[in-house]
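*Asks:* What follows is the file work.txt, containing compact mmCIF, C-alpha atoms and all ligand atoms:
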```
# COMPACT_ATOMS: atom_id res chain seq x y z
CA MET A 1 6.95 -7.58 21.30
CA SER A 2 4.70 -9.97 23.11
CA THR A 3 2.32 -10.33 26.00
CA ASN A 4 4.90 -11.87 28.34
CA ALA A 5 5.29 -11.75 32.09
CA ALA A 6 7.09 -8.40 31.99
CA ASP A 7 4.35 -6.88 29.84
CA THR A 8 1.12 -6.99 31.81
CA THR A 9 -1.02 -5.58 29.01
CA ARG A 10 -3.81 -8.01 28.19
CA SER A 11 -4.26 -8.72 24.49
CA ALA A 12 -7.88 -7.58 24.76
CA ASP A 13 -6.70 -4.10 25.85
CA LEU A 14 -4.91 -3.59 22.54
CA VAL A 15 -8.29 -2.90 20.92
CA THR A 16 -10.12 0.37 21.59
CA ASP A 17 -13.17 1.91 19.95
CA ASP A 18 -11.34 3.49 17.06
CA ARG A 19 -7.99 1.70 16.65
CA VAL A 20 -6.14 -1.54 17.24
CA GLU A 21 -2.47 -2.08 17.83
CA GLY A 22 -0.47 -3.50 14.91
CA ARG A 23 0.80 -6.16 17.29
CA LEU A 24 -2.51 -7.93 16.71
CA TYR A 25 -1.15 -8.97 13.32
CA THR A 26 2.36 -9.94 14.41
CA ASP A 27 2.48 -11.44 17.90
CA PRO A 28 2.53 -15.29 17.88
CA GLU A 29 1.30 -15.38 21.49
CA ILE A 30 -1.78 -13.35 20.56
CA PHE A 31 -2.37 -15.71 17.64
CA GLU A 32 -2.24 -18.69 19.98
CA GLU A 33 -4.62 -16.95 22.38
CA GLU A 34 -7.01 -16.29 19.47
CA MET A 35 -7.05 -19.98 18.64
CA GLN A 36 -8.00 -20.84 22.23
CA LYS A 37 -10.46 -18.03 22.91
CA ILE A 38 -12.01 -17.47 19.48
CA PHE A 39 -11.53 -20.38 17.08
CA TYR A 40 -12.00 -23.08 19.75
CA LYS A 41 -14.87 -21.25 21.44
CA SER A 42 -16.93 -19.65 18.67
CA TRP A 43 -19.01 -21.22 15.93
CA VAL A 44 -16.68 -21.67 12.94
CA TRP A 45 -18.05 -22.21 9.44
CA VAL A 46 -16.99 -25.53 7.91
CA ALA A 47 -19.10 -26.38 4.83
CA HIS A 48 -22.09 -25.76 2.61
CA GLU A 49 -24.43 -28.74 2.39
CA SER A 50 -24.05 -28.90 -1.42
CA GLU A 51 -20.42 -29.91 -0.86
CA ILE A 52 -21.54 -33.07 0.95
CA PRO A 53 -24.76 -33.96 -0.86
CA GLN A 54 -25.15 -37.67 -0.03
CA ALA A 55 -24.59 -40.13 2.79
CA GLY A 56 -20.84 -40.64 2.93
CA SER A 57 -19.98 -37.35 1.17
CA PHE A 58 -17.23 -35.55 3.04
CA LYS A 59 -14.81 -32.65 2.87
CA THR A 60 -11.75 -31.88 4.96
CA THR A 61 -10.98 -28.47 6.40
CA PHE A 62 -9.81 -26.82 9.61
CA VAL A 63 -11.37 -25.31 12.71
CA GLY A 64 -8.60 -22.99 13.79
CA GLN A 65 -5.55 -25.21 13.44
CA GLN A 66 -7.43 -28.46 14.09
CA PRO A 67 -7.93 -30.67 11.00
CA VAL A 68 -11.53 -31.86 10.67
CA ILE A 69 -13.70 -33.96 8.38
CA VAL A 70 -17.22 -32.72 7.68
CA VAL A 71 -19.33 -35.69 6.64
CA ARG A 72 -22.95 -36.58 6.05
CA ASP A 73 -23.82 -39.85 7.75
CA ARG A 74 -26.36 -42.48 6.72
CA LYS A 75 -29.13 -40.76 8.66
CA GLY A 76 -28.45 -37.50 6.80
CA ASN A 77 -26.86 -35.80 9.81
CA PHE A 78 -23.84 -33.56 9.40
CA ASN A 79 -20.89 -34.61 11.56
CA THR A 80 -17.70 -32.67 12.12
CA LEU A 81 -15.03 -35.15 13.18
CA LEU A 82 -11.51 -34.46 14.33
CA ASN A 83 -9.22 -35.74 11.60
CA ARG A 84 -6.89 -37.40 14.10
CA CYS A 85 -6.64 -41.10 14.68
CA ARG A 86 -7.17 -42.29 18.26
CA HIS A 87 -4.26 -44.72 18.00
CA ARG A 88 -1.23 -42.51 17.46
CA GLY A 89 -2.75 -39.36 16.06
CA ALA A 90 -2.29 -39.60 12.28
CA THR A 91 -4.79 -37.80 10.08
CA VAL A 92 -7.21 -40.44 8.83
CA CYS A 93 -8.20 -38.64 5.63
CA ASP A 94 -6.07 -36.50 3.31
CA GLN A 95 -8.53 -35.97 0.46
CA PRO A 96 -10.08 -32.50 0.08
CA ASN A 97 -13.47 -34.13 -0.54
CA GLY A 98 -15.08 -37.33 -1.73
CA LYS A 99 -17.44 -40.12 -0.77
CA ALA A 100 -16.64 -42.92 1.66
CA ASN A 101 -18.20 -45.66 3.74
CA GLY A 102 -15.93 -44.72 6.62
CA PHE A 103 -12.37 -43.60 7.33
CA THR A 104 -9.42 -45.95 7.70
CA CYS A 105 -6.22 -44.56 9.13
CA PRO A 106 -3.41 -45.33 6.69
CA TYR A 107 -0.84 -45.94 9.45
CA HIS A 108 -2.14 -49.11 11.20
CA ASN A 109 -5.63 -49.23 9.67
CA TRP A 110 -7.86 -48.45 12.60
CA SER A 111 -11.18 -47.83 10.89
CA TYR A 112 -13.97 -45.44 11.83
CA GLY A 113 -17.60 -45.06 10.78
CA LEU A 114 -19.19 -41.95 9.24
CA ASP A 115 -20.33 -41.06 12.76
CA GLY A 116 -16.73 -41.32 14.04
CA LYS A 117 -17.18 -44.58 15.98
CA LEU A 118 -14.18 -46.92 16.01
CA ARG A 119 -15.34 -49.97 14.08
CA GLY A 120 -12.30 -52.14 13.83
CA VAL A 121 -8.62 -52.57 14.58
CA PRO A 122 -6.37 -55.03 12.71
CA TYR A 123 -4.90 -57.99 14.60
CA PRO A 124 -7.14 -57.40 17.60
CA GLU A 125 -5.57 -60.07 19.81
CA GLY A 126 -3.00 -57.52 21.00
CA TYR A 127 -5.86 -55.47 22.42
CA GLU A 128 -7.91 -58.23 24.03
CA ASP A 129 -9.29 -57.04 27.38
CA ILE A 130 -7.40 -53.74 27.18
CA LEU A 131 -9.25 -51.79 24.47
CA ASP A 132 -12.94 -51.01 24.43
CA LYS A 133 -13.66 -49.59 20.98
CA ALA A 134 -16.49 -47.52 22.40
CA ASP A 135 -13.90 -45.45 24.26
CA PHE A 136 -11.98 -44.44 21.14
CA PRO A 137 -14.21 -42.65 18.61
CA LEU A 138 -12.87 -39.76 16.55
CA GLY A 139 -13.41 -36.50 18.39
CA LYS A 140 -16.66 -34.81 17.42
CA LEU A 141 -17.57 -31.12 17.35
CA ARG A 142 -21.04 -29.70 17.89
CA THR A 143 -22.44 -29.11 14.41
CA GLU A 144 -25.47 -27.05 13.39
CA SER A 145 -26.64 -25.57 10.11
CA TYR A 146 -28.76 -22.70 8.87
CA LEU A 147 -29.95 -22.33 5.27
CA GLY A 148 -27.50 -25.02 4.20
CA MET A 149 -24.51 -23.33 5.83
CA ILE A 150 -22.81 -25.63 8.35
CA TRP A 151 -20.91 -24.41 11.39
CA ALA A 152 -19.08 -26.40 14.07
CA THR A 153 -17.71 -25.60 17.50
CA PHE A 154 -15.57 -27.23 20.16
CA ASN A 155 -17.57 -25.32 22.75
CA ALA A 156 -20.31 -27.42 24.35
CA ASP A 157 -21.65 -24.27 26.03
CA ALA A 158 -21.84 -22.11 22.89
CA GLU A 159 -25.21 -20.48 22.31
CA PRO A 160 -27.39 -22.11 19.60
CA LEU A 161 -26.07 -21.28 16.13
CA GLU A 162 -29.18 -19.32 15.17
CA ASP A 163 -28.80 -17.11 18.25
CA PHE A 164 -25.17 -16.49 17.35
CA LEU A 165 -26.11 -15.54 13.78
CA GLY A 166 -28.84 -13.23 15.07
CA ASP A 167 -29.65 -10.48 12.56
CA ALA A 168 -27.17 -11.92 10.06
CA LYS A 169 -29.89 -14.50 9.32
CA LEU A 170 -32.03 -11.91 7.51
CA TRP A 171 -29.10 -11.11 5.24
CA MET A 172 -28.38 -14.80 4.67
CA GLU A 173 -31.97 -15.18 3.49
CA ARG A 174 -31.42 -12.30 1.06
CA PHE A 175 -28.03 -13.69 0.00
CA PHE A 176 -29.48 -17.02 -1.13
CA LYS A 177 -32.15 -15.32 -3.25
CA GLN A 178 -29.47 -15.03 -5.94
CA THR A 179 -30.06 -18.67 -6.93
CA ASN A 180 -33.61 -17.75 -7.90
CA GLY A 181 -35.52 -20.49 -6.10
CA TYR A 182 -33.08 -23.25 -7.07
CA PRO A 183 -31.02 -24.86 -4.31
CA THR A 184 -27.60 -23.26 -4.04
CA LYS A 185 -24.56 -25.31 -5.02
CA VAL A 186 -20.85 -24.64 -4.85
CA ILE A 187 -19.66 -24.77 -8.47
CA GLY A 188 -15.97 -24.10 -7.98
CA THR A 189 -13.43 -23.43 -5.24
CA HIS A 190 -9.98 -21.99 -5.40
CA LYS A 191 -7.56 -21.60 -2.54
CA PHE A 192 -4.62 -19.31 -2.03
CA ARG A 193 -2.49 -18.02 0.81
CA PHE A 194 -1.26 -14.55 1.61
CA ASN A 195 1.54 -13.46 3.90
CA GLY A 196 -0.57 -11.75 6.48
CA ASN A 197 -2.71 -12.16 9.57
CA TRP A 198 -6.27 -13.52 9.26
CA LYS A 199 -7.85 -10.32 10.60
CA ILE A 200 -6.52 -8.31 7.64
CA GLN A 201 -8.88 -10.30 5.40
CA LEU A 202 -11.65 -10.16 8.00
CA GLU A 203 -11.47 -6.35 7.84
CA ASN A 204 -11.38 -6.24 4.05
CA THR A 205 -14.75 -7.85 3.40
CA THR A 206 -16.73 -4.84 4.63
CA ASP A 207 -14.09 -2.26 3.64
CA GLY A 208 -15.83 -0.28 0.89
CA TYR A 209 -13.22 2.47 1.22
CA HIS A 210 -10.53 0.59 -0.71
CA PHE A 211 -12.79 -0.42 -3.57
CA PRO A 212 -12.51 2.51 -6.01
CA MET A 213 -8.75 2.73 -5.46
CA VAL A 214 -7.57 -0.89 -5.28
CA HIS A 215 -10.11 -2.08 -7.83
CA LYS A 216 -9.59 0.65 -10.37
CA SER A 217 -8.18 -1.90 -12.82
CA TRP A 218 -11.28 -4.08 -12.37
CA MET A 219 -13.55 -1.04 -12.86
CA THR A 220 -11.83 -0.24 -16.14
CA SER A 221 -12.07 -3.88 -17.26
CA VAL A 222 -15.88 -4.16 -17.04
CA ASP A 223 -18.70 -2.65 -19.07
CA GLU A 224 -20.17 0.72 -18.22
CA GLU A 225 -23.31 -0.73 -16.58
CA THR A 226 -21.30 -2.86 -14.15
CA ALA A 227 -18.93 -0.01 -13.33
CA ASP A 228 -21.96 2.20 -12.64
CA MET A 229 -23.50 -0.45 -10.40
CA MET A 230 -20.34 -0.52 -8.27
CA SER A 231 -19.84 3.26 -8.12
CA PHE A 232 -21.19 3.61 -4.61
CA MET A 233 -18.86 6.28 -3.27
CA ASN A 234 -21.51 8.97 -3.43
CA ASP A 235 -24.59 6.79 -2.94
CA PRO A 236 -26.06 7.65 0.47
CA GLU A 237 -28.07 4.42 0.48
CA ALA A 238 -24.89 2.33 0.23
CA VAL A 239 -24.26 1.63 3.90
CA THR A 240 -22.65 -0.80 6.31
CA HIS A 241 -24.75 -2.17 9.16
CA ASN A 242 -23.28 -3.52 12.36
CA LEU A 243 -25.40 -6.65 12.97
CA GLY A 244 -23.91 -7.58 16.35
CA ASN A 245 -21.90 -10.64 17.52
CA GLY A 246 -19.05 -9.51 15.22
CA HIS A 247 -21.19 -9.71 12.07
CA SER A 248 -21.75 -6.88 9.59
CA VAL A 249 -23.06 -6.26 6.11
CA ALA A 250 -21.73 -3.81 3.52
CA ILE A 251 -24.29 -2.93 0.86
CA MET A 252 -22.71 -1.83 -2.41
CA ALA A 253 -25.32 -2.38 -5.12
CA THR A 254 -28.47 -1.23 -3.36
CA ALA A 255 -30.84 -2.20 -6.20
CA HIS A 256 -29.81 -5.84 -5.73
CA MET A 257 -29.81 -6.19 -1.95
CA ASP A 258 -33.21 -7.88 -2.05
CA LEU A 259 -33.64 -9.56 -5.40
CA ASP A 260 -37.37 -10.07 -4.73
CA ILE A 261 -37.78 -6.30 -5.11
CA ASP A 262 -37.69 -5.15 -8.73
CA ASP A 263 -39.09 -1.78 -9.75
CA GLY A 264 -38.74 -2.74 -13.40
CA THR A 265 -36.39 0.10 -14.33
CA GLU A 266 -33.18 -1.91 -14.54
CA GLU A 267 -32.09 -2.76 -18.09
CA ILE A 268 -30.67 -6.23 -18.70
CA GLN A 269 -27.03 -5.71 -19.59
CA PRO A 270 -26.28 -6.21 -23.32
CA ARG A 271 -23.50 -8.66 -22.46
CA PHE A 272 -26.15 -11.08 -21.20
CA HIS A 273 -28.36 -10.91 -24.29
CA HIS A 274 -27.00 -14.20 -25.65
CA LEU A 275 -28.13 -15.85 -22.41
CA VAL A 276 -31.58 -14.28 -22.71
CA GLU A 277 -31.93 -15.72 -26.21
CA GLN A 278 -30.86 -19.16 -25.06
CA LEU A 279 -33.22 -19.09 -22.07
CA GLU A 280 -36.11 -17.96 -24.28
CA SER A 281 -35.49 -20.78 -26.68
CA ASP A 282 -35.36 -23.20 -23.74
CA GLY A 283 -38.83 -22.09 -22.65
CA TYR A 284 -38.07 -19.99 -19.56
CA SER A 285 -40.63 -17.28 -18.84
CA GLU A 286 -39.87 -13.58 -19.16
CA ALA A 287 -40.08 -13.20 -15.38
CA GLU A 288 -37.69 -16.11 -14.77
CA ILE A 289 -35.21 -14.75 -17.28
CA ARG A 290 -35.30 -11.25 -15.84
CA ARG A 291 -34.82 -12.62 -12.36
CA MET A 292 -31.85 -14.75 -13.39
CA MET A 293 -30.18 -11.92 -15.28
CA ARG A 294 -30.58 -9.49 -12.37
CA SER A 295 -28.84 -12.03 -10.13
CA MET A 296 -25.80 -12.45 -12.39
CA HIS A 297 -23.66 -10.36 -10.05
CA GLY A 298 -24.95 -11.93 -6.89
CA CYS A 299 -26.66 -10.18 -4.05
CA GLY A 300 -25.28 -6.62 -4.02
CA PHE A 301 -23.70 -6.88 -0.56
CA ASN A 302 -20.94 -8.50 1.46
CA LEU A 303 -22.09 -10.22 4.65
CA ASN A 304 -19.23 -10.85 7.06
CA THR A 305 -19.94 -13.41 9.76
CA PHE A 306 -17.38 -13.59 12.55
CA PRO A 307 -14.86 -15.13 12.57
CA ASN A 308 -14.27 -16.95 9.32
CA VAL A 309 -16.85 -16.80 6.55
CA ALA A 310 -18.23 -14.09 4.30
CA MET A 311 -21.20 -14.46 2.02
CA SER A 312 -19.86 -11.99 -0.43
CA SER A 313 -21.60 -10.84 -3.59
CA ALA A 314 -21.83 -14.22 -5.41
CA PHE A 315 -19.46 -16.45 -3.45
CA PHE A 316 -18.32 -17.62 -0.04
CA ARG A 317 -15.01 -16.37 1.26
CA VAL A 318 -13.54 -18.61 3.93
CA LEU A 319 -10.47 -17.72 5.93
CA ILE A 320 -8.25 -20.26 7.64
CA PRO A 321 -5.56 -18.93 9.97
CA ILE A 322 -2.31 -20.80 9.28
CA SER A 323 0.04 -18.81 11.53
CA VAL A 324 0.27 -15.28 12.85
CA ASN A 325 1.48 -14.08 9.45
CA GLU A 326 -0.07 -16.51 7.00
CA THR A 327 -3.70 -17.05 6.05
CA GLU A 328 -5.40 -19.35 3.58
CA ILE A 329 -8.41 -18.06 1.68
CA TRP A 330 -11.00 -20.18 -0.09
CA HIS A 331 -13.21 -18.55 -2.71
CA MET A 332 -16.23 -20.69 -3.45
CA ALA A 333 -18.35 -19.71 -6.45
CA LEU A 334 -22.09 -20.39 -6.34
CA GLY A 335 -24.64 -21.57 -8.84
CA MET A 336 -28.13 -22.98 -9.21
CA GLU A 337 -28.61 -26.70 -8.56
CA GLY A 338 -30.89 -27.87 -11.36
CA GLY A 339 -30.85 -24.48 -13.08
CA PRO A 340 -29.52 -23.82 -16.58
CA GLU A 341 -25.84 -24.79 -16.57
CA TYR A 342 -24.91 -22.21 -19.19
CA VAL A 343 -26.08 -19.51 -16.76
CA ASN A 344 -24.01 -21.12 -13.99
CA GLN A 345 -21.01 -21.12 -16.34
CA GLU A 346 -21.44 -17.41 -17.05
CA ARG A 347 -21.67 -16.74 -13.31
CA LEU A 348 -18.41 -18.64 -12.89
CA ARG A 349 -16.71 -16.51 -15.58
CA ILE A 350 -17.84 -13.33 -13.78
CA HIS A 351 -16.52 -14.75 -10.50
CA GLU A 352 -13.16 -15.60 -12.09
CA HIS A 353 -12.89 -12.14 -13.59
CA PHE A 354 -12.75 -10.61 -10.09
CA GLN A 355 -11.89 -13.40 -7.63
CA GLY A 356 -9.92 -15.83 -9.78
CA PRO A 357 -6.14 -16.33 -9.54
CA PHE A 358 -5.71 -14.26 -12.70
CA GLY A 359 -8.64 -12.00 -11.83
CA PHE A 360 -8.72 -8.24 -11.73
CA GLY A 361 -9.82 -8.02 -8.08
CA SER A 362 -8.49 -10.47 -5.49
CA PRO A 363 -4.81 -10.36 -6.52
CA ASP A 364 -4.90 -6.58 -6.01
CA ASP A 365 -6.49 -7.06 -2.58
CA ALA A 366 -3.78 -9.57 -1.62
CA GLU A 367 -1.07 -7.06 -2.55
CA GLY A 368 -2.59 -4.62 -0.07
CA TRP A 369 -2.81 -7.26 2.69
CA ASP A 370 0.85 -8.28 2.27
CA ARG A 371 1.83 -4.63 2.58
CA VAL A 372 -0.20 -4.18 5.78
CA GLN A 373 1.63 -7.15 7.32
CA ILE A 374 5.04 -5.75 6.33
CA GLY A 375 4.16 -2.37 7.78
CA ALA A 376 2.80 -3.84 11.02
CA GLY A 377 5.92 -5.98 11.38
CA ALA A 378 8.11 -2.91 11.12
CA ASP A 379 6.38 -1.21 14.05
CA PRO A 380 3.86 -3.40 15.91
CA ALA A 381 3.07 -0.56 18.33
CA MET A 382 1.76 1.70 15.58
CA PRO A 383 -2.03 1.84 15.74
CA ILE A 384 -4.18 0.51 12.93
CA MET A 385 -7.01 3.02 12.52
CA VAL A 386 -10.61 1.83 12.20
CA ASN A 387 -12.29 5.15 12.99
CA ARG A 388 -13.60 6.15 9.56
CA GLY A 389 -17.24 7.22 9.82
CA LEU A 390 -17.42 7.47 13.62
CA ASN A 391 -18.47 11.07 13.03
CA ARG A 392 -21.53 10.03 11.03
CA GLU A 393 -22.63 6.71 12.46
CA VAL A 394 -26.38 6.55 13.13
CA THR A 395 -28.83 3.88 14.23
CA SER A 396 -30.94 2.37 11.47
CA PRO A 397 -34.70 1.80 11.93
CA GLU A 398 -33.83 -1.85 12.64
CA GLY A 399 -31.58 -0.71 15.49
CA TRP A 400 -28.26 -1.40 13.74
CA PRO A 401 -25.34 1.04 14.08
CA THR A 402 -24.96 2.18 10.50
CA SER A 403 -22.68 4.35 8.43
CA HIS A 404 -21.66 4.78 4.82
CA VAL A 405 -20.32 1.66 3.08
CA THR A 406 -16.92 3.32 2.84
CA ASP A 407 -16.78 3.62 6.63
CA GLU A 408 -15.21 1.21 9.08
CA THR A 409 -18.36 0.24 11.00
CA GLY A 410 -17.99 -3.46 10.13
CA MET A 411 -14.38 -3.60 11.30
CA ARG A 412 -15.25 -1.93 14.59
CA GLU A 413 -17.90 -4.58 15.27
CA ALA A 414 -15.52 -7.43 14.37
CA TYR A 415 -12.96 -6.00 16.79
CA ALA A 416 -15.62 -5.48 19.46
CA GLN A 417 -16.43 -9.20 19.26
CA TRP A 418 -12.70 -10.02 19.19
CA LYS A 419 -12.19 -7.95 22.34
CA LYS A 420 -15.16 -9.55 24.07
CA MET A 421 -13.93 -13.07 23.36
CA MET A 422 -10.29 -12.27 24.15
CA SER A 423 -11.35 -10.77 27.47
CA ALA A 424 -12.39 -14.20 28.74
CA GLU A 425 -10.27 -15.39 31.61
CA ASP A 426 -7.61 -17.95 30.75
CA GLU A 427 -8.72 -21.46 31.59
CA LYS A 428 -6.78 -23.03 34.41
FE1 LIG A 501 -3.87 -44.50 13.12
FE2 LIG A 501 -2.04 -46.10 14.07
S1 LIG A 501 -2.00 -43.94 13.93
S2 LIG A 501 -3.92 -46.63 13.18
```
In structure tokens, how does this file's structure come out?
Ligand code: FES

*Replies:*
Amino acid sequence: MSTNAADTTRSADLVTDDRVEGRLYTDPEIFEEEMQKIFYKSWVWVAHESEIPQAGSFKTTFVGQQPVIVVRDRKGNFNTLLNRCRHRGATVCDQPNGKANGFTCPYHNWSYGLDGKLRGVPYPEGYEDILDKADFPLGKLRTESYLGMIWATFNADAEPLEDFLGDAKLWMERFFKQTNGYPTKVIGTHKFRFNGNWKIQLENTTDGYHFPMVHKSWMTSVDEETADMMSFMNDPEAVTHNLGNGHSVAIMATAHMDLDIDDGTEEIQPRFHHLVEQLESDGYSEAEIRRMMRSMHGCGFNLNTFPNVAMSSAFFRVLIPISVNETEIWHMALGMEGGPEYVNQERLRIHEHFQGPFGFGSPDDAEGWDRVQIGAGADPAMPIMVNRGLNREVTSPEGWPTSHVTDETGMREAYAQWKKMMSAEDEK
């Protein structure tokens, strides 16, 4: 099934308040329309500043299906450059990250500066009077950052990044409290693909409903204190807020959602006692140690920012749409820049235990996502329900539509933003 000439249904009409059509996961034409109307119009997250710490540091990634290089130039500015040579289109950089003085295309060696300007072409006599280098820089996206998180957009008319983030900014501030006053750094990334549409993962990040079922094996693999902390099914304070612009936050461990607030009742888990001893012997204060140990699991919530990055618990989750039925996920673990490395290492072990390739969490999630894609492929007209909690959604004192964390409030907001962006008229 597709949105062809005979079928006059607009893609945007396939989303209603409480359900979406399965075709949203399976129709290649809808996927292509999403690239044009969402990924090439919205702000898309590309990097954390710790990944490109110095002048010349770069990483490569994608905005939608467009390969890009995110690089810090000599003035300290972040540039997002199209990774596509202006001669005959080859990618100019194939390294995932690194440090460079510029980028030289391997095909015929046109070379570009960190700001994307074309600096030189070999054997220039063949271009005398017919090539002005100023006319052939690498394409450049608008790039803005907030709290070290860098987004880029192809859309010159997009609202300022901070306006787009809106109320998600408050939750970003809370999220980064987990590095306890130290700058945040990415301490490890792993990438994997699943056989499903990108929106299946987008939904999952604020889907508390699946947690006690899909993650039963993880719950039985952790100590009692951790299992208790994540037993939010009957906690009325565990809620999901719709933050607007497609963003939402699902709060699972309420005692940790603002790590500056500590009523002193929480016991440090026995499994961290060896760290406490080491920190004491290294001269850290009691308050510093308590703070670090309370942050071992991250921030207590999953913040989903539309369309492609979640600040989830203690890591970033990035989604890159490959095709209508394939998505790449990056899980990026976080630590403290300049903080005790043995604490960072323990944070990494906790991350691996859930999110790692042999972890007890993410592989179980991926099994569910593959199954959703298979089911949607079998009958794309069958609705996908996102109505859970509509009967109990209220408005929080902050003005956010809110329901229990096991409800589908976050998904509804993501699809509301999807519908809004997909409703834009096709460009002539
Ligand atoms: Fe890049 Fe020719 S394609 S120099």

*Asks:* Near A:Glu34, counting only C-alpha atoms, which residues have an atom at most 12 Å away, once you skip same-chain residues fewer than 3 positions from it, shown as an NGL selection string?

*Replies:* :A and (11-12 or 24-25 or 27-31 or 37-42 or 64-65 or 197-199 or 307 or 321 or 323-324 or 417-424 or 426)

*Asks:* Using all atoms listed in the file, I'd like a table of the residues in chain A that come within 6 Å of ligand LIG 501 (chain A); for each, show the closest atom pair and its distance in Å rounded to one decimal, ordered by chain and ascending number, as CSV.

*Replies:*
```
residue,atom,partner,partner_atom,distance
A:Cys85,CA,A:LIG501,FE1,4.7
A:His87,CA,A:LIG501,FE2,4.7
A:Arg88,CA,A:LIG501,S1,3.9
A:Gly89,CA,A:LIG501,S1,5.1
A:Ala90,CA,A:LIG501,S1,4.7
A:Cys105,CA,A:LIG501,FE1,4.6
A:Tyr107,CA,A:LIG501,FE2,4.8
A:His108,CA,A:LIG501,S2,3.6
A:Asn109,CA,A:LIG501,S2,4.7
A:Trp110,CA,A:LIG501,S2,4.4
```

*Asks:* Please provide the set of residues having any atom within 9 Å of A:Met385, restricted to all atoms listed in the file, with same-chain residues fewer than 5 positions apart removed, written as a list in words.

*Replies:*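 Residues meeting the cut-off are Asp18, Arg19, Val20 and Glu21 of chain A.
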
*Asks:* Expressed in Å to a single decimal, how great is the separation between atom CA of A:Arg290 and atom CA of A:Glu277?

*Replies:*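 So the answer is 11.8 Å.
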
*Asks:* Which value, in Å to one decimal, gives the distance between atom CA of A:Thr305 and atom CA of A:Val239?

*Replies:* 16.7 Å

*Asks:* List as an MDAnalysis selection string the protein and nucleic acid residues near A:Val214, meaning an atom at most 9 Å away when all atoms listed in the file are counted, but skip any in the same chain fewer than 4 places from it.

*Replies:* chainID A and resid 210 218 361 364:365 368

*Asks:* Nearest to A:Thr189 among A:Gly283, A:Gly335, A:Pro340, A:Gly120, with distances taken over all atoms listed in the file: which residue is it?

*Replies:*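 Going through A:Gly283, A:Gly335, A:Pro340, A:Gly120 one by one, the smallest distance to A:Thr189 is for A:Gly335.
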
*Asks:* Using only C-alpha atoms, which of the listed residues (A:Ile150, A:Met213, A:Leu243, A:Met292) sits closest to A:Gly181?

*Replies:*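 Closest to A:Gly181, using only C-alpha atoms: A:Met292.
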
*Asks:* Determine the nearest neighbour of A:His353 from the options A:Ala47, A:Met172, A:Met219, A:Met149, counting only C-alpha atoms.

*Replies:* A:Met219

*Asks:* Looking at only C-alpha atoms, which of A:His241, A:Lys169, A:Lys99, A:Lys75 is the one that sits closest to A:Glu51?

*Replies:*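 Using only C-alpha atoms, the shortest distance to A:Glu51 belongs to A:Lys99.
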